[in-house]
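K.L.:
Can you read through this structure? Questions will come right after.
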Amino acid sequence: MQKRQELYRGKAKTVWTTDDPQLLVMEYRNDTSAFDGVKLAQLDRKGEVNNKINAHIMGLLEAAGVACHFVKLLDEQHSLVKSLTMIPVECVVRNVAAGGMSKRLGIAEGTKLKHAVFEFFYKSDALHDPMINDSHITAFDWASEADIVAMKKLSFQVNEVLQRAFAQAGITLVDYKLEFGKLADGTLVLGDEFTPDGCRLWDAQTGEKMDKDRFRRDLGDVVHYYLEVGKRLGMKNL
Ligand code: 5GP
């Protein structure tokens with residue numbers, strides 16, 4: 001499938017149209033950003049590594065019955081996906097306190113949670129993705145009650161599948177962000193990506209960070225650790 005016109009250029013990916021209006025091409029670039037685009041860098045091979053990790057994870061999720069927009073890998077930096085009308089919210093699931101939650105609530109990073117926590121954020125770089133709740137979503141008509149129920153259910157289903165997959169790889173799935181959208185027929189499916197850019201992954205033994213916090217916190221060797229995540233997940237194409 002050939003990419004035709006640039007539809008949307010995000011901070012790390014570009015979305016292209018194809019000849020089929022139901023299908024889009026997602027290009028994973030080497031661009032890396034943090035703090036709503038304030039910190040930027042080009043990291044060699046990051047696009048390729050994230051493209052392949054995403055394909056692997058989406059495969060695990062589809063196999064477990066989570067409908068995803070991912071169709072197939074096209075080449076090193078491109079994947080074919082189904083076109084979605086995106087819901088403008090981010091769904092965050094947390095298993096361990098870290099990052100924004102630790103800062104907001106004054107809880108030490110690494111504190112285990114009695115059960116997984118779900119949070120909604122409104123997608124807006126200009127507003128720094130403010131935290132919202134269910135009633136903001138229905139009040140502004142960003143999604144329906146039924147969509148909210150479905151997004152929460154799918155987000156926790158993803159947690160079951162991926163906590164297990166990462167644990168088998170000696171990695172703790174600390175937290176992650178998901179985005180959902182709707183197919184032309186109204187079906188809600190998982191969109192965007194699941195890569196170390198949008199989750200926290202800690203080595204289960206040492207606690208070493210293996211995700212984008214290496215970039216945000218200037219810890220270095222970002223792509224090296226992403227590759228290590230892929231290898232531990234048993235990926236052969238990295
Ligand atoms: P926090 O709220 O702690 O900053 O983020 C929680 C989790 O969601 C982290 O794994 C973080 O990487 C991910 N996350 C939250 N917002 C974004 C975002 O706008 N972009 C990306 N790539 N990940 C995000």
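By order in the structure tokens, chains are A, B, ...; within a chain, residues start at 1; ligands start at 1, following the order shown.
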I'd like to know which residues of range 64-198 of chain A are alpha helix (DSSP H) (by DSSP, run on the backbone); could you write them as a PyMOL selection string?
P.N.:
chain A and resi 99-105+134-139+145-168
K.L.:
When DSSP works through the backbone of this structure, what residues of range 13-220 of chain A end up as strand (DSSP E), shown as a ChimeraX atom specification?
P.N.:
/A:13-17,23-28,31-34,39-42,70-75,78-82,85-86,89-96,112-122,131-132,171-178,180-182,188-190,199-203
K.L.:
Just want the 6 Å neighbourhood of range 78-89 of chain A, counted on only C-alpha atoms, with same-chain residues fewer than 4 positions away dropped. Output as a VMD selection string.
P.N.:
chain A and resid 22 to 27 69 to 74 121 to 123 180 to 183
K.L.:
Just want the 7 Å neighbourhood of Val96 in chain A, counted on only C-alpha atoms, with same-chain residues fewer than 4 positions away dropped. Output as an MDAnalysis selection string.
P.N.:
chainID A and resid 110:113 174:175
K.L.:
Go ahead and write the selection's residues with C-alpha atoms as a PDB file, in the first residue's frame.
P.N.:
ATOM      1  CA  GLY A 110       7.804   2.966  42.966  1.00  0.00           C
ATOM      2  CA  THR A 111       4.977   2.802  45.508  1.00  0.00           C
ATOM      3  CA  LYS A 112       2.865  -0.257  44.618  1.00  0.00           C
ATOM      4  CA  LEU A 113      -0.862   0.390  44.198  1.00  0.00           C
ATOM      5  CA  VAL A 174       4.422   0.586  35.582  1.00  0.00           C
ATOM      6  CA  ASP A 175       1.951   2.685  33.581  1.00  0.00           C
TER       7      ASP A 175
END
K.L.:
Within 9 Å of ligand 1, counting only C-alpha atoms and all ligand atoms: which residues, as a ChimeraX atom specification?
P.N.:
/A:12,33-36,90-94,97-103,119,121,123-125,128-129,131,173-178,193-201,211-213
